[in-house]
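Heads up, the thing below is written out as structure tokens.
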Amino acid sequence: MGTLTIGIFSSVIGSMNFDFALKLSETAVNKGHKVNIWFSGNSTCAVKSNQKHMKDYSTGEKPLKALLEKGVEVCTCEACTLARGIQKTDSIEGIQWNAMHWYLAKIHTSDRVLQIGGE
Amino acid sequence: MAQTKLAFVLQRPPYKSENPKLTITHAIAYQIVDILLDEGETVVPTLCFIGEGVLGCLKEQKAMESYGITSTESHLKNALLVDLDVLVCKEDLERFGIAEDRLVDAEDMGADKKIQVVPFEKIQREMETANHVLFF
């Protein structure tokens, strides 16, 4: 089995990129692959806890929690997240906070890397 | 020694998008990645500017005055200061009528590295020889 690292740069609402990345992660982890997810830019808003899942909008919290429970490592760019007014105390439990070298280190140990989104 | 070669390819213009700064700061992060890697392992990034991305390489950007934010120029200078290889597509510069003397340098900061203006063919080779391509 391989290791897949996905860098997500799109916001949770506004495009299907985020949804696609999480679905792909779920599929990969269900097949037995190791998956790492890196949030940077607008995607970091997805780490906010207590998201209200309104039917008209995608939600990040529920699928993210499910991925965390399956052993997916999820890390958010601390600077990008704080710049958007989200504090660590607001964050979904289990999501790591780190800097961009975390992403590079995961890339280094990955068989495949997908970089998704970015406006 | 295990080395992972990364090609960061930037195609977005310097403002109106977060991509240019994210590209450069992610590449610069190679400076401290070693603390998360095993002994002797390393990541080697190359920063490539193509398409409208080459506009971010112009010097004398006034981002702080206009937008109240640090400029892509200042990030690029930091990239040169930490010895990143920065490749800029020659053909795309020509399309925009940008002469090489209008490009950022970091001599004032004491950087040894300079922006390299290269044919797209060279950037293509960088992408082909990289372990991973990160397209912004």
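Residue numbering restarts at 1 for every chain of the structure tokens, chains are lettered A, B, ... in their displayed order, and ligands are numbered from 1 as they appear.
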
Contact set, chain B to chain A: 6 Å, only C-alpha atoms, as a ChimeraX atom specification: /B:4,26,29,33

Only C-alpha atoms, please: the residues just picked out, written as an mmCIF file, in the first residue's frame.
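Saved the output as part38.cif:
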data_model
loop_
_atom_site.group_PDB
_atom_site.id
_atom_site.type_symbol
_atom_site.label_atom_id
_atom_site.label_comp_id
_atom_site.auth_asym_id
_atom_site.auth_seq_id
_atom_site.Cartn_x
_atom_site.Cartn_y
_atom_site.Cartn_z
ATOM 1 C CA THR B 4 13.182 14.641 -2.953
ATOM 2 C CA HIS B 26 6.040 26.679 0.721
ATOM 3 C CA ALA B 29 10.002 26.063 4.004
ATOM 4 C CA VAL B 33 12.097 20.597 6.708
#

For Asn19 of chain B, the nearest of the candidates B:Val118, B:Met109, B:Leu134, B:Ala99, counting only C-alpha atoms: B:Leu134

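Between atom CA of Ser66 of chain B and atom CA of Leu80 of chain B there is a distance of 24.3 Å.
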
Which of chain B DSSP labels strand (DSSP E or B), written as a PyMOL selection string: chain B and resi 3-10+42-49+58+85-89+103+116-118+132-135

Contacts of Val47 of chain A at 9 Å (only C-alpha atoms; same-chain gap of 4+ positions) as a PDB file with C-alpha atoms, in the first residue's frame:
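Result file is part.pdb:
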ATOM      1  CA  PHE A  39      -4.617  22.672   4.456  1.00  0.00           C
ATOM      2  CA  SER A  43      -8.953  25.654   2.931  1.00  0.00           C
ATOM      3  CA  GLY A  60     -16.011  19.981   6.201  1.00  0.00           C
ATOM      4  CA  GLU A  61     -16.360  18.999   9.812  1.00  0.00           C
ATOM      5  CA  LEU A  64     -12.921  15.442   8.408  1.00  0.00           C
ATOM      6  CA  THR A  76      -3.445  23.061   8.858  1.00  0.00           C
ATOM      7  CA  THR A  81      -5.468  29.735   9.818  1.00  0.00           C
ATOM      8  CA  ILE A  86      -9.446  30.909  13.720  1.00  0.00           C
ATOM      9  CA  ASP A  90     -11.701  26.754  17.840  1.00  0.00           C
ATOM     10  CA  SER A  91     -10.204  23.888  15.891  1.00  0.00           C
ATOM     11  CA  ILE A  92     -11.639  20.436  15.288  1.00  0.00           C
ATOM     12  CA  GLU A  93      -9.942  18.071  17.707  1.00  0.00           C
ATOM     13  CA  ILE A  95      -6.200  18.350  13.464  1.00  0.00           C
TER      14      ILE A  95
END

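Here atom CA of Lys113 of chain B and atom CA of Asn78 of chain B stand 10.5 Å from one another.
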